file my_file-v2.pdb (PDB, C-alpha atoms and all ligand atoms)
ATOM      1  CA  MET O   1      80.392  22.241  16.872
ATOM      2  CA  GLY O   2      83.306  23.900  18.671
ATOM      3  CA  ASN O   3      86.811  23.690  17.203
ATOM      4  CA  HIS O   4      87.914  21.300  19.890
ATOM      5  CA  ALA O   5      85.115  18.857  19.157
ATOM      6  CA  ALA O   6      85.662  19.232  15.413
ATOM      7  CA  ASN O   7      89.356  18.422  15.867
ATOM      8  CA  LEU O   8      88.609  15.402  18.008
ATOM      9  CA  GLN O   9      86.247  14.143  15.348
ATOM     10  CA  GLN O  10      88.881  14.641  12.685
ATOM     11  CA  VAL O  11      91.647  13.032  14.717
ATOM     12  CA  SER O  12      89.525  10.043  15.657
ATOM     13  CA  GLY O  13      88.455   9.619  12.045
ATOM     14  CA  GLU O  14      84.891   9.309  13.269
ATOM     15  CA  PRO O  15      82.612   8.490  10.361
ATOM     16  CA  GLN O  16      80.012  10.935   9.227
ATOM     17  CA  PRO O  17      76.578   9.997  10.498
ATOM     18  CA  SER O  18      74.398   8.236   7.978
ATOM     19  CA  ALA O  19      71.679   6.407   9.912
ATOM     20  CA  ARG O  20      68.447   8.132  10.796
ATOM     21  CA  VAL O  21      67.542   7.836  14.451
ATOM     22  CA  LEU O  22      63.957   7.396  15.643
ATOM     23  CA  ALA O  23      63.318   7.509  19.409
ATOM     24  CA  ILE O  24      60.137   5.864  20.687
ATOM     25  CA  THR O  25      58.761   7.364  23.864
ATOM     26  CA  SER O  26      55.469   7.924  25.688
ATOM     27  CA  GLY O  27      55.394   9.513  29.097
ATOM     28  CA  LYS O  28      53.077   6.852  30.534
ATOM     29  CA  GLY O  29      54.348   3.292  31.012
ATOM     30  CA  GLY O  30      52.839   0.174  29.506
ATOM     31  CA  VAL O  31      51.359   1.818  26.407
ATOM     32  CA  GLY O  32      53.222  -0.432  23.942
ATOM     33  CA  LYS O  33      56.580   1.260  23.202
ATOM     34  CA  THR O  34      58.656  -1.909  23.304
ATOM     35  CA  ASN O  35      56.254  -3.909  21.156
ATOM     36  CA  ILE O  36      56.100  -1.050  18.678
ATOM     37  CA  ALA O  37      59.908  -0.781  18.593
ATOM     38  CA  ALA O  38      60.325  -4.511  17.907
ATOM     39  CA  ASN O  39      57.556  -4.828  15.318
ATOM     40  CA  LEU O  40      58.441  -1.585  13.586
ATOM     41  CA  ALA O  41      62.063  -2.715  13.371
ATOM     42  CA  LEU O  42      60.966  -5.967  11.731
ATOM     43  CA  SER O  43      58.589  -4.176   9.356
ATOM     44  CA  MET O  44      61.369  -1.839   8.267
ATOM     45  CA  ALA O  45      63.948  -4.617   7.985
ATOM     46  CA  ALA O  46      62.790  -5.770   4.549
ATOM     47  CA  THR O  47      64.302  -2.721   2.923
ATOM     48  CA  ARG O  48      66.586  -1.162   5.537
ATOM     49  CA  ARG O  49      69.414  -2.146   7.868
ATOM     50  CA  ILE O  50      68.122  -1.707  11.389
ATOM     51  CA  LEU O  51      69.795  -1.262  14.750
ATOM     52  CA  LEU O  52      67.548  -1.425  17.791
ATOM     53  CA  LEU O  53      68.715   0.101  21.079
ATOM     54  CA  ASP O  54      67.012  -0.903  24.283
ATOM     55  CA  ALA O  55      67.457   2.265  26.303
ATOM     56  CA  ASP O  56      65.097   1.265  29.094
ATOM     57  CA  MET O  57      67.252   1.125  32.192
ATOM     58  CA  SER O  58      64.792  -0.338  34.670
ATOM     59  CA  LEU O  59      62.852  -3.042  32.922
ATOM     60  CA  GLY O  60      63.955  -3.171  29.331
ATOM     61  CA  ASN O  61      62.257  -6.231  27.890
ATOM     62  CA  LEU O  62      63.093  -6.021  24.227
ATOM     63  CA  ASP O  63      65.146  -9.185  24.639
ATOM     64  CA  LEU O  64      62.063 -11.014  25.937
ATOM     65  CA  ILE O  65      59.855  -9.904  23.073
ATOM     66  CA  LEU O  66      62.490 -10.814  20.500
ATOM     67  CA  ASN O  67      63.509 -13.900  22.414
ATOM     68  CA  ILE O  68      67.212 -13.115  22.357
ATOM     69  CA  ARG O  69      69.609 -13.533  25.218
ATOM     70  CA  SER O  70      71.516 -10.510  26.358
ATOM     71  CA  LYS O  71      74.189 -11.332  28.866
ATOM     72  CA  TYR O  72      76.247  -8.235  28.153
ATOM     73  CA  ASN O  73      75.458  -4.571  27.692
ATOM     74  CA  ILE O  74      77.207  -1.252  27.297
ATOM     75  CA  SER O  75      78.349  -1.232  30.927
ATOM     76  CA  HIS O  76      80.518  -4.255  30.115
ATOM     77  CA  VAL O  77      82.086  -2.311  27.263
ATOM     78  CA  LEU O  78      82.656   0.638  29.577
ATOM     79  CA  ASN O  79      84.326  -1.656  32.101
ATOM     80  CA  GLY O  80      86.572  -3.011  29.375
ATOM     81  CA  TYR O  81      85.219  -6.591  29.668
ATOM     82  CA  LYS O  82      83.647  -6.673  26.227
ATOM     83  CA  ARG O  83      83.938  -5.068  22.815
ATOM     84  CA  ILE O  84      81.009  -3.366  21.090
ATOM     85  CA  GLU O  85      80.739  -6.269  18.641
ATOM     86  CA  ASP O  86      80.280  -8.661  21.579
ATOM     87  CA  ILE O  87      77.202  -6.894  22.904
ATOM     88  CA  ILE O  88      75.293  -6.740  19.625
ATOM     89  CA  GLN O  89      72.752  -9.513  19.222
ATOM     90  CA  THR O  90      71.215 -10.497  15.917
ATOM     91  CA  GLY O  91      67.444 -10.814  15.978
ATOM     92  CA  PRO O  92      64.955 -12.043  13.380
ATOM     93  CA  ARG O  93      65.338 -10.624   9.842
ATOM     94  CA  ASP O  94      68.925  -9.762  10.748
ATOM     95  CA  ILE O  95      68.035  -6.759  12.854
ATOM     96  CA  ARG O  96      70.854  -5.903  15.227
ATOM     97  CA  VAL O  97      69.973  -5.275  18.846
ATOM     98  CA  ILE O  98      71.859  -3.669  21.712
ATOM     99  CA  CYS O  99      70.198  -4.587  24.969
ATOM    100  CA  GLY O 100      70.931  -2.388  27.942
ATOM    101  CA  ALA O 101      71.892   0.660  25.926
ATOM    102  CA  SER O 102      70.981   2.428  29.141
ATOM    103  CA  GLY O 103      74.657   2.013  30.051
ATOM    104  CA  LEU O 104      75.103   4.999  27.763
ATOM    105  CA  HIS O 105      74.003   7.213  30.647
ATOM    106  CA  GLU O 106      77.236   6.371  32.376
ATOM    107  CA  LEU O 107      79.175   7.765  29.426
ATOM    108  CA  ALA O 108      78.634  11.264  30.745
ATOM    109  CA  ASP O 109      80.634  10.392  33.886
ATOM    110  CA  ILE O 110      83.744   8.749  32.440
ATOM    111  CA  ASN O 111      87.004  10.393  31.457
ATOM    112  CA  GLU O 112      87.234  12.106  28.117
ATOM    113  CA  TYR O 113      89.633   9.605  26.557
ATOM    114  CA  ASP O 114      87.362   6.632  27.258
ATOM    115  CA  GLN O 115      84.348   8.676  26.231
ATOM    116  CA  GLN O 116      85.878   9.501  22.846
ATOM    117  CA  ARG O 117      86.978   5.906  22.339
ATOM    118  CA  LEU O 118      83.516   4.535  23.000
ATOM    119  CA  ILE O 119      81.706   7.190  21.005
ATOM    120  CA  GLN O 120      83.990   6.403  18.089
ATOM    121  CA  HIS O 121      83.105   2.701  18.269
ATOM    122  CA  LEU O 122      79.400   3.366  18.655
ATOM    123  CA  SER O 123      79.365   5.934  15.920
ATOM    124  CA  GLY O 124      81.005   3.427  13.597
ATOM    125  CA  LEU O 125      77.756   1.469  13.854
ATOM    126  CA  GLN O 126      75.905   4.307  12.188
ATOM    127  CA  ASN O 127      77.851   3.736   8.998
ATOM    128  CA  ASP O 128      76.400   0.364   8.130
ATOM    129  CA  THR O 129      72.930   1.094   9.482
ATOM    130  CA  ASP O 130      70.010   2.867   7.803
ATOM    131  CA  VAL O 131      67.730   3.342  10.792
ATOM    132  CA  ILE O 132      68.459   3.280  14.526
ATOM    133  CA  LEU O 133      65.338   2.734  16.625
ATOM    134  CA  VAL O 134      65.593   3.644  20.296
ATOM    135  CA  ASP O 135      63.132   2.118  22.760
ATOM    136  CA  THR O 136      63.081   4.461  25.751
ATOM    137  CA  ALA O 137      61.839   3.965  29.298
ATOM    138  CA  ALA O 138      58.559   5.464  30.494
ATOM    139  CA  GLY O 139      58.571   8.875  32.149
ATOM    140  CA  ILE O 140      60.301  12.169  31.483
ATOM    141  CA  ALA O 141      63.567  11.597  33.358
ATOM    142  CA  ASN O 142      66.679  13.249  31.981
ATOM    143  CA  PRO O 143      68.135  10.210  30.150
ATOM    144  CA  VAL O 144      64.846   9.552  28.326
ATOM    145  CA  VAL O 145      64.574  13.176  27.258
ATOM    146  CA  SER O 146      68.246  13.187  26.196
ATOM    147  CA  PHE O 147      67.762  10.190  23.896
ATOM    148  CA  CYS O 148      64.756  11.920  22.310
ATOM    149  CA  LEU O 149      66.509  15.266  21.835
ATOM    150  CA  ALA O 150      69.484  13.502  20.251
ATOM    151  CA  ALA O 151      67.284  11.594  17.799
ATOM    152  CA  ASP O 152      66.348  12.870  14.340
ATOM    153  CA  HIS O 153      62.699  12.050  14.837
ATOM    154  CA  VAL O 154      60.576  11.262  17.919
ATOM    155  CA  LEU O 155      57.618   8.875  17.910
ATOM    156  CA  VAL O 156      55.295   9.466  20.863
ATOM    157  CA  VAL O 157      53.079   6.511  21.749
ATOM    158  CA  THR O 158      49.746   7.125  23.434
ATOM    159  CA  THR O 159      46.514   5.225  23.917
ATOM    160  CA  PRO O 160      43.048   6.837  23.823
ATOM    161  CA  GLU O 161      43.017   6.860  27.648
ATOM    162  CA  ALA O 162      43.074  10.290  29.266
ATOM    163  CA  SER O 163      46.046   9.447  31.511
ATOM    164  CA  ALA O 164      48.158   8.271  28.568
ATOM    165  CA  MET O 165      47.259  11.388  26.568
ATOM    166  CA  THR O 166      48.110  13.678  29.496
ATOM    167  CA  ASP O 167      51.503  12.019  29.913
ATOM    168  CA  ALA O 168      52.161  12.077  26.163
ATOM    169  CA  TYR O 169      51.412  15.800  26.188
ATOM    170  CA  GLY O 170      53.740  16.207  29.211
ATOM    171  CA  MET O 171      56.562  14.578  27.242
ATOM    172  CA  ILE O 172      55.867  16.658  24.115
ATOM    173  CA  LYS O 173      55.878  19.816  26.256
ATOM    174  CA  VAL O 174      59.308  19.001  27.752
ATOM    175  CA  LEU O 175      60.738  18.248  24.307
ATOM    176  CA  VAL O 176      59.354  21.423  22.743
ATOM    177  CA  ARG O 177      60.526  23.592  25.652
ATOM    178  CA  LYS O 178      64.021  22.132  25.366
ATOM    179  CA  GLY O 179      64.132  23.026  21.684
ATOM    180  CA  ASN O 180      63.598  19.559  20.193
ATOM    181  CA  PRO O 181      65.079  19.927  16.705
ATOM    182  CA  GLY O 182      63.253  17.211  14.725
ATOM    183  CA  PRO O 183      59.676  16.250  13.898
ATOM    184  CA  ILE O 184      57.418  14.646  16.524
ATOM    185  CA  SER O 185      55.002  11.994  15.294
ATOM    186  CA  VAL O 186      52.223  10.328  17.276
ATOM    187  CA  VAL O 187      50.993   6.749  17.079
ATOM    188  CA  VAL O 188      47.813   5.805  18.922
ATOM    189  CA  ASN O 189      47.987   2.258  20.271
ATOM    190  CA  MET O 190      45.281  -0.008  21.684
ATOM    191  CA  ALA O 191      42.487   1.955  20.002
ATOM    192  CA  HIS O 192      39.095   0.331  19.458
ATOM    193  CA  SER O 193      38.814   1.809  15.971
ATOM    194  CA  VAL O 194      40.868   3.862  13.530
ATOM    195  CA  ALA O 195      38.363   6.698  14.021
ATOM    196  CA  GLU O 196      39.066   6.672  17.767
ATOM    197  CA  GLY O 197      42.800   6.723  17.015
ATOM    198  CA  LYS O 198      42.456   9.728  14.706
ATOM    199  CA  ARG O 199      40.326  11.615  17.246
ATOM    200  CA  THR O 200      42.925  10.921  19.946
ATOM    201  CA  TYR O 201      45.704  12.226  17.700
ATOM    202  CA  GLN O 202      43.686  15.301  16.737
ATOM    203  CA  ARG O 203      43.045  16.234  20.363
ATOM    204  CA  LEU O 204      46.732  15.973  21.161
ATOM    205  CA  ALA O 205      47.675  17.921  18.038
ATOM    206  CA  ASP O 206      45.147  20.653  18.898
ATOM    207  CA  VAL O 207      46.461  21.289  22.438
ATOM    208  CA  THR O 208      50.052  21.097  21.227
ATOM    209  CA  GLY O 209      49.348  23.667  18.520
ATOM    210  CA  ARG O 210      47.408  25.915  20.848
ATOM    211  CA  PHE O 211      49.599  25.882  23.963
ATOM    212  CA  LEU O 212      53.037  25.024  22.595
ATOM    213  CA  GLN O 213      52.758  26.393  19.056
ATOM    214  CA  ALA O 214      54.250  23.131  17.806
ATOM    215  CA  LYS O 215      53.220  20.752  15.040
ATOM    216  CA  LEU O 216      52.645  17.022  15.426
ATOM    217  CA  TYR O 217      52.474  14.421  12.654
ATOM    218  CA  TYR O 218      49.988  11.552  12.584
ATOM    219  CA  ALA O 219      51.896   8.272  12.267
ATOM    220  CA  GLY O 220      48.937   5.912  12.539
ATOM    221  CA  THR O 221      46.638   3.879  14.761
ATOM    222  CA  LEU O 222      47.170   0.353  16.059
ATOM    223  CA  LEU O 223      44.066  -1.431  17.255
ATOM    224  CA  LYS O 224      43.816  -3.313  20.517
ATOM    225  CA  ASP O 225      44.412  -6.887  19.446
ATOM    226  CA  ASP O 226      44.605 -10.014  21.536
ATOM    227  CA  ARG O 227      46.988 -11.544  18.990
ATOM    228  CA  LEU O 228      49.644  -9.106  20.183
ATOM    229  CA  CYS O 229      49.299 -10.374  23.773
ATOM    230  CA  ARG O 230      49.435 -13.987  22.583
ATOM    231  CA  ALA O 231      52.531 -13.182  20.544
ATOM    232  CA  VAL O 232      54.199 -11.601  23.597
ATOM    233  CA  ARG O 233      53.491 -14.741  25.612
ATOM    234  CA  ALA O 234      54.966 -16.845  22.788
ATOM    235  CA  ARG O 235      57.999 -14.534  22.684
ATOM    236  CA  THR O 236      57.510 -13.879  18.993
ATOM    237  CA  PRO O 237      56.796 -10.402  17.671
ATOM    238  CA  VAL O 238      53.251 -10.206  16.311
ATOM    239  CA  VAL O 239      54.349  -9.347  12.747
ATOM    240  CA  LEU O 240      56.141 -12.701  12.627
ATOM    241  CA  ALA O 241      53.556 -14.705  14.562
ATOM    242  CA  TYR O 242      50.602 -13.357  12.524
ATOM    243  CA  PRO O 243      52.035 -11.905   9.312
ATOM    244  CA  GLN O 244      48.634 -11.800   7.582
ATOM    245  CA  SER O 245      46.823 -10.012  10.434
ATOM    246  CA  GLN O 246      45.475  -6.501  10.344
ATOM    247  CA  ILE O 247      47.892  -5.414  13.069
ATOM    248  CA  ALA O 248      50.833  -6.651  10.952
ATOM    249  CA  SER O 249      49.614  -4.487   8.026
ATOM    250  CA  SER O 250      49.207  -1.562  10.412
ATOM    251  CA  PHE O 251      52.863  -1.952  11.386
ATOM    252  CA  SER O 252      53.866  -1.944   7.695
ATOM    253  CA  ALA O 253      51.815   1.209   7.149
ATOM    254  CA  LEU O 254      53.436   2.788  10.214
ATOM    255  CA  ALA O 255      56.900   1.923   8.891
ATOM    256  CA  ALA O 256      56.048   3.463   5.510
ATOM    257  CA  ARG O 257      54.594   6.615   7.003
ATOM    258  CA  LEU O 258      57.513   7.185   9.353
ATOM    259  CA  GLY O 259      59.888   6.788   6.442
ATOM    260  CA  GLY O 260      58.085   9.640   4.703
ATOM    261  CA  VAL O 261      58.501  12.333   7.374
ATOM    262  CA  ALA O 262      61.403  14.509   6.331
ATOM    263  CA  CYS O 263      63.951  15.300   8.987
ATOM    264  CA  GLU O 264      66.797  17.580   8.147
ATOM    265  CA  ARG O 265      69.401  18.014  10.807
ATOM    266  CA  ASN O 266      71.968  20.717  10.356
ATOM    267  CA  ASN O 267      74.381  18.920  12.568
ATOM    268  CA  GLN O 268      77.321  16.758  11.701
ATOM    269  CA  ASN O 269      77.549  15.210  15.163
ATOM    270  CA  THR O 270      76.712  11.540  15.405
ATOM    271  CA  PHE O 271      73.728  10.447  17.452
ATOM    272  CA  PHE O 272      75.871   9.009  20.230
ATOM    273  CA  ARG O 273      77.840  12.229  20.580
ATOM    274  CA  ARG O 274      74.583  14.181  20.770
ATOM    275  CA  VAL O 275      73.260  11.855  23.507
ATOM    276  CA  ILE O 276      76.309  12.600  25.645
ATOM    277  CA  ARG O 277      75.982  16.318  25.019
ATOM    278  CA  TRP O 278      72.376  16.314  26.179
ATOM    279  CA  LEU O 279      73.190  14.143  29.195
ATOM    280  CA  SER O 280      76.036  16.372  30.400
TER     281      SER O 280
HETATM  282  N1  LIG O 301      47.894  -3.157  20.289
HETATM  283  C1  LIG O 301      47.827  -3.881  21.438
HETATM  284  N2  LIG O 301      46.787  -4.714  21.660
HETATM  285  C2  LIG O 301      46.682  -5.408  22.798
HETATM  286  N3  LIG O 301      47.578  -5.339  23.790
HETATM  287  C3  LIG O 301      48.630  -4.540  23.651
HETATM  288  C4  LIG O 301      48.832  -3.764  22.465
HETATM  289  N4  LIG O 301      49.981  -3.055  22.608
HETATM  290  C5  LIG O 301      50.476  -3.394  23.816
HETATM  291  N5  LIG O 301      49.676  -4.275  24.451
HETATM  292  C6  LIG O 301      49.833  -4.870  25.799
HETATM  293  O1  LIG O 301      50.559  -3.977  26.608
HETATM  294  C7  LIG O 301      51.664  -4.644  27.199
HETATM  295  C8  LIG O 301      52.800  -3.660  27.415
HETATM  296  O2  LIG O 301      53.412  -3.372  26.173
HETATM  297  P1  LIG O 301      54.904  -2.838  26.111
HETATM  298  O3  LIG O 301      55.789  -3.609  27.021
HETATM  299  O4  LIG O 301      55.279  -2.793  24.669
HETATM  300  O5  LIG O 301      54.697  -1.369  26.694
HETATM  301  P2  LIG O 301      55.828  -0.303  27.074
HETATM  302  O6  LIG O 301      55.255   1.037  26.757
HETATM  303  O7  LIG O 301      57.106  -0.661  26.433
HETATM  304  O8  LIG O 301      55.931  -0.511  28.656
HETATM  305  P3  LIG O 301      57.060   0.132  29.613
HETATM  306  O9  LIG O 301      56.667   1.566  29.799
HETATM  307  O10 LIG O 301      56.925  -0.670  30.869
HETATM  308  O11 LIG O 301      58.371  -0.023  28.935
HETATM  309  C9  LIG O 301      51.984  -5.793  26.254
HETATM  310  O12 LIG O 301      52.613  -6.857  26.893
HETATM  311  C10 LIG O 301      50.622  -6.181  25.762
HETATM  312  O13 LIG O 301      50.031  -7.065  26.678
HETATM  313 MG    MG O 302      59.055  -0.979  27.275
END
call {"tool": "encode", "arguments": {"input": "my_file-v2.pdb", "output": "structure tokens"}}
result
Amino acid sequence: MGNHAANLQQVSGEPQPSARVLAITSGKGGVGKTNIAANLALSMAATRRILLLDADMSLGNLDLILNIRSKYNISHVLNGYKRIEDIIQTGPRDIRVICGASGLHELADINEYDQQRLIQHLSGLQNDTDVILVDTAAGIANPVVSFCLAADHVLVVTTPEASAMTDAYGMIKVLVRKGNPGPISVVVNMAHSVAEGKRTYQRLADVTGRFLQAKLYYAGTLLKDDRLCRAVRARTPVVLAYPQSQIASSFSALAARLGGVACERNNQNTFFRRVIRWLS
């Protein structure tokens, strides 16, 4: 961090970052990122304080899955109409949700005073949060990549389909080339068996090792399950609608495994400050 930034942090009294940030991304659309974000958040919420950011600008639908209303988002805070506290919704199991976190992209374009003010408010959230989960949009556009690079840990979602694997690899390649600092884990969704999920992961890990000289971690496999679709239609996350189901246990296992991947970041900047740095 430059002296100037260090001074600003000192002057603003910005808290030291404490929450770990996990960005959920995929490359290809429709592979299950938003459902994974919501159900993972709920599975982690038993033991940790969770903040969920919906960073999907175009069709973020976290609010639909969690059945919460989100009239306001970060753009309203930027415009001065609302305070940060007003845009945070409380979901099931007390998870806190910011819908329309995509407004963060606009942070890169506002004047430095307002930028510092907002970053300070947002960073304050990190103090009483253990894990921040970021649900990103599909694709490898700059804002999506910036959220991932700013996170402590990236979870790439793929399915066993060739097109999803190709796009997942495309995303991993961009992250590695840009010097992604944290671990990258892979979860295989909509698999027909755990064996198929493991094979899918292994193929992705092999090409990543061979062509990018980078390591991937296996986070788990989620089977294709009609209960998830029914839960979406009922606007209840599947871990709440069917708590005894196999897919609910798979989400618990995923939460446990992701908690076990060490991520050391030699950086005192808060997540929100890092997002702006990568966006600029
Ligand atoms: N394990 C699963 N079993 C069955 N269907 C699933 C599963 N996971 C996801 N789906 C189906 O895929 C749909 C899309 O899921 P979701 O919205 O979470 O994907 P996404 O990656 O967030 O999409 P987008 O890229 O548009 O943001 C769900 O509504 C559901 O019908
Ligand atoms: Mg989504």
call {"tool": "residues_near_ligand", "arguments": {"input": "my_file-v2.pdb", "ligand": "ligand LIG 301 (chain O)", "cutoff": "7 Å", "atoms": "all atoms listed in the file", "output": "list in words"}}
result
Ser26, Lys28, Gly29, Gly30, Val31, Gly32, Lys33, Thr34, Asn35, Ile36, Asp56, Leu59, Gly60, Ala137, Ala138, Asn189, Met190, Leu222, Leu223, Lys224, Asp225, Asp226, Leu228, Cys229 and Val232 of chain O
call {"tool": "resolve_selection", "arguments": {"input": "my_file-v2.pdb", "expression": "the PyMOL selection byres (((chain O and resi 140) around 8) and not hetatm)", "output": "list of chain:residue names"}}
result
O:Gly27, O:Ala138, O:Gly139, O:Ala141, O:Asn142, O:Val144, O:Val145, O:Met171, O:Val174
call {"tool": "residues_around", "arguments": {"input": "my_file-v2.pdb", "residues": "stretch 43-55 of chain O", "least_positions_apart": "3", "cutoff": "7 Å", "atoms": "all atoms listed in the file", "output": "PyMOL selection string"}}
result
chain O and resi 39-40+60+62+93+95-102+129-137+251-252+255
call {"tool": "write_last_selection", "arguments": {"input": "my_file-v2.pdb", "atoms": "C-alpha atoms", "output": "PDB file, keeping the file's coordinate frame"}}
result
ATOM      1  CA  ASN O  39      57.556  -4.828  15.318  1.00  0.00           C
ATOM      2  CA  LEU O  40      58.441  -1.585  13.586  1.00  0.00           C
ATOM      3  CA  GLY O  60      63.955  -3.171  29.331  1.00  0.00           C
ATOM      4  CA  LEU O  62      63.093  -6.021  24.227  1.00  0.00           C
ATOM      5  CA  ARG O  93      65.338 -10.624   9.842  1.00  0.00           C
ATOM      6  CA  ILE O  95      68.035  -6.759  12.854  1.00  0.00           C
ATOM      7  CA  ARG O  96      70.854  -5.903  15.227  1.00  0.00           C
ATOM      8  CA  VAL O  97      69.973  -5.275  18.846  1.00  0.00           C
ATOM      9  CA  ILE O  98      71.859  -3.669  21.712  1.00  0.00           C
ATOM     10  CA  CYS O  99      70.198  -4.587  24.969  1.00  0.00           C
ATOM     11  CA  GLY O 100      70.931  -2.388  27.942  1.00  0.00           C
ATOM     12  CA  ALA O 101      71.892   0.660  25.926  1.00  0.00           C
ATOM     13  CA  SER O 102      70.981   2.428  29.141  1.00  0.00           C
ATOM     14  CA  THR O 129      72.930   1.094   9.482  1.00  0.00           C
ATOM     15  CA  ASP O 130      70.010   2.867   7.803  1.00  0.00           C
ATOM     16  CA  VAL O 131      67.730   3.342  10.792  1.00  0.00           C
ATOM     17  CA  ILE O 132      68.459   3.280  14.526  1.00  0.00           C
ATOM     18  CA  LEU O 133      65.338   2.734  16.625  1.00  0.00           C
ATOM     19  CA  VAL O 134      65.593   3.644  20.296  1.00  0.00           C
ATOM     20  CA  ASP O 135      63.132   2.118  22.760  1.00  0.00           C
ATOM     21  CA  THR O 136      63.081   4.461  25.751  1.00  0.00           C
ATOM     22  CA  ALA O 137      61.839   3.965  29.298  1.00  0.00           C
ATOM     23  CA  PHE O 251      52.863  -1.952  11.386  1.00  0.00           C
ATOM     24  CA  SER O 252      53.866  -1.944   7.695  1.00  0.00           C
ATOM     25  CA  ALA O 255      56.900   1.923   8.891  1.00  0.00           C
TER      26      ALA O 255
END
call {"tool": "residues_around", "arguments": {"input": "my_file-v2.pdb", "residues": "O:Val188", "least_positions_apart": "5", "cutoff": "8 Å", "atoms": "all atoms listed in the file", "output": "mmCIF file with C-alpha atoms, in the coordinates of the input"}}
result
data_model
loop_
_atom_site.group_PDB
_atom_site.id
_atom_site.type_symbol
_atom_site.label_atom_id
_atom_site.label_comp_id
_atom_site.auth_asym_id
_atom_site.auth_seq_id
_atom_site.Cartn_x
_atom_site.Cartn_y
_atom_site.Cartn_z
ATOM 1 C CA VAL O 157 53.079 6.511 21.749
ATOM 2 C CA THR O 158 49.746 7.125 23.434
ATOM 3 C CA THR O 159 46.514 5.225 23.917
ATOM 4 C CA PRO O 160 43.048 6.837 23.823
ATOM 5 C CA GLY O 197 42.800 6.723 17.015
ATOM 6 C CA LYS O 198 42.456 9.728 14.706
ATOM 7 C CA THR O 200 42.925 10.921 19.946
ATOM 8 C CA TYR O 201 45.704 12.226 17.700
ATOM 9 C CA GLY O 220 48.937 5.912 12.539
ATOM 10 C CA THR O 221 46.638 3.879 14.761
ATOM 11 C CA LEU O 222 47.170 0.353 16.059
#
call {"tool": "closest_residue", "arguments": {"input": "my_file-v2.pdb", "among": "O:Leu64, O:Ile87, O:Ala19, O:Gln246", "to": "O:Ser123", "atoms": "only C-alpha atoms"}}
result
O:Ala19
call {"tool": "residues_around", "arguments": {"input": "my_file-v2.pdb", "residues": "O:Asn180", "least_positions_apart": "4", "cutoff": "6 Å", "atoms": "only C-alpha atoms", "output": "PyMOL selection string"}}
result
chain O and resi 149+175-176
call {"tool": "closest_residue", "arguments": {"input": "my_file-v2.pdb", "among": "O:Ser249, O:Asn61, O:Asn67, O:Thr208", "to": "ligand MG 302 (chain O)", "atoms": "all atoms listed in the file"}}
result
O:Asn61
call {"tool": "atom_distance", "arguments": {"input": "my_file-v2.pdb", "atom1": "atom CA of O:Tyr81", "atom2": "atom CA of O:Val275"}}
result
22.8 Å
call {"tool": "closest_residue", "arguments": {"input": "my_file-v2.pdb", "among": "O:Arg227, O:Leu122, O:Val187, O:Thr270", "to": "O:Ala37", "atoms": "all atoms listed in the file"}}
result
O:Val187
call {"tool": "resolve_selection", "arguments": {"input": "my_file-v2.pdb", "expression": "the PyMOL selection byres (((chain O and resi 216) around 12) and not hetatm)", "output": "PyMOL selection string"}}
result
chain O and resi 153-156+168-169+172-173+176+182-187+201-210+212-215+217-219+261
call {"tool": "closest_residue", "arguments": {"input": "my_file-v2.pdb", "among": "O:Ala150, O:Leu22, O:Ala38, O:Val194", "to": "ligand MG 302 (chain O)", "atoms": "all atoms listed in the file"}}
result
O:Ala38
call {"tool": "atom_distance", "arguments": {"input": "my_file-v2.pdb", "atom1": "atom CA of O:Lys71", "atom2": "atom CA of O:Trp278"}}
result
27.8 Å
call {"tool": "atom_distance", "arguments": {"input": "my_file-v2.pdb", "atom1": "atom CA of O:Asp167", "atom2": "atom CA of O:Leu279"}}
result
21.8 Å
call {"tool": "build_atoms", "arguments": {"input": "my_file-v2.pdb", "residues": "stretch 192-200 of chain O", "atoms": "N, CA and C atoms", "output": "PDB file, in the coordinates of the input"}}
result
ATOM      1  N   HIS O 192      40.162   1.262  19.825  1.00  0.00           N
ATOM      2  CA  HIS O 192      39.095   0.331  19.458  1.00  0.00           C
ATOM      3  C   HIS O 192      38.707   0.479  17.993  1.00  0.00           C
ATOM      4  N   SER O 193      39.068   1.611  17.406  1.00  0.00           N
ATOM      5  CA  SER O 193      38.814   1.809  15.971  1.00  0.00           C
ATOM      6  C   SER O 193      39.809   2.841  15.449  1.00  0.00           C
ATOM      7  N   VAL O 194      39.969   2.869  14.122  1.00  0.00           N
ATOM      8  CA  VAL O 194      40.868   3.862  13.530  1.00  0.00           C
ATOM      9  C   VAL O 194      40.313   5.265  13.792  1.00  0.00           C
ATOM     10  N   ALA O 195      38.976   5.384  13.773  1.00  0.00           N
ATOM     11  CA  ALA O 195      38.363   6.698  14.021  1.00  0.00           C
ATOM     12  C   ALA O 195      38.724   7.190  15.425  1.00  0.00           C
ATOM     13  N   GLU O 196      38.693   6.286  16.401  1.00  0.00           N
ATOM     14  CA  GLU O 196      39.066   6.672  17.767  1.00  0.00           C
ATOM     15  C   GLU O 196      40.541   7.096  17.812  1.00  0.00           C
ATOM     16  N   GLY O 197      41.375   6.384  17.071  1.00  0.00           N
ATOM     17  CA  GLY O 197      42.800   6.723  17.015  1.00  0.00           C
ATOM     18  C   GLY O 197      43.012   8.117  16.443  1.00  0.00           C
ATOM     19  N   LYS O 198      42.297   8.414  15.359  1.00  0.00           N
ATOM     20  CA  LYS O 198      42.456   9.728  14.706  1.00  0.00           C
ATOM     21  C   LYS O 198      41.967  10.852  15.614  1.00  0.00           C
ATOM     22  N   ARG O 199      40.841  10.592  16.318  1.00  0.00           N
ATOM     23  CA  ARG O 199      40.326  11.615  17.246  1.00  0.00           C
ATOM     24  C   ARG O 199      41.329  11.880  18.359  1.00  0.00           C
ATOM     25  N   THR O 200      41.937  10.797  18.859  1.00  0.00           N
ATOM     26  CA  THR O 200      42.925  10.921  19.946  1.00  0.00           C
ATOM     27  C   THR O 200      44.098  11.778  19.474  1.00  0.00           C
TER      28      THR O 200
END
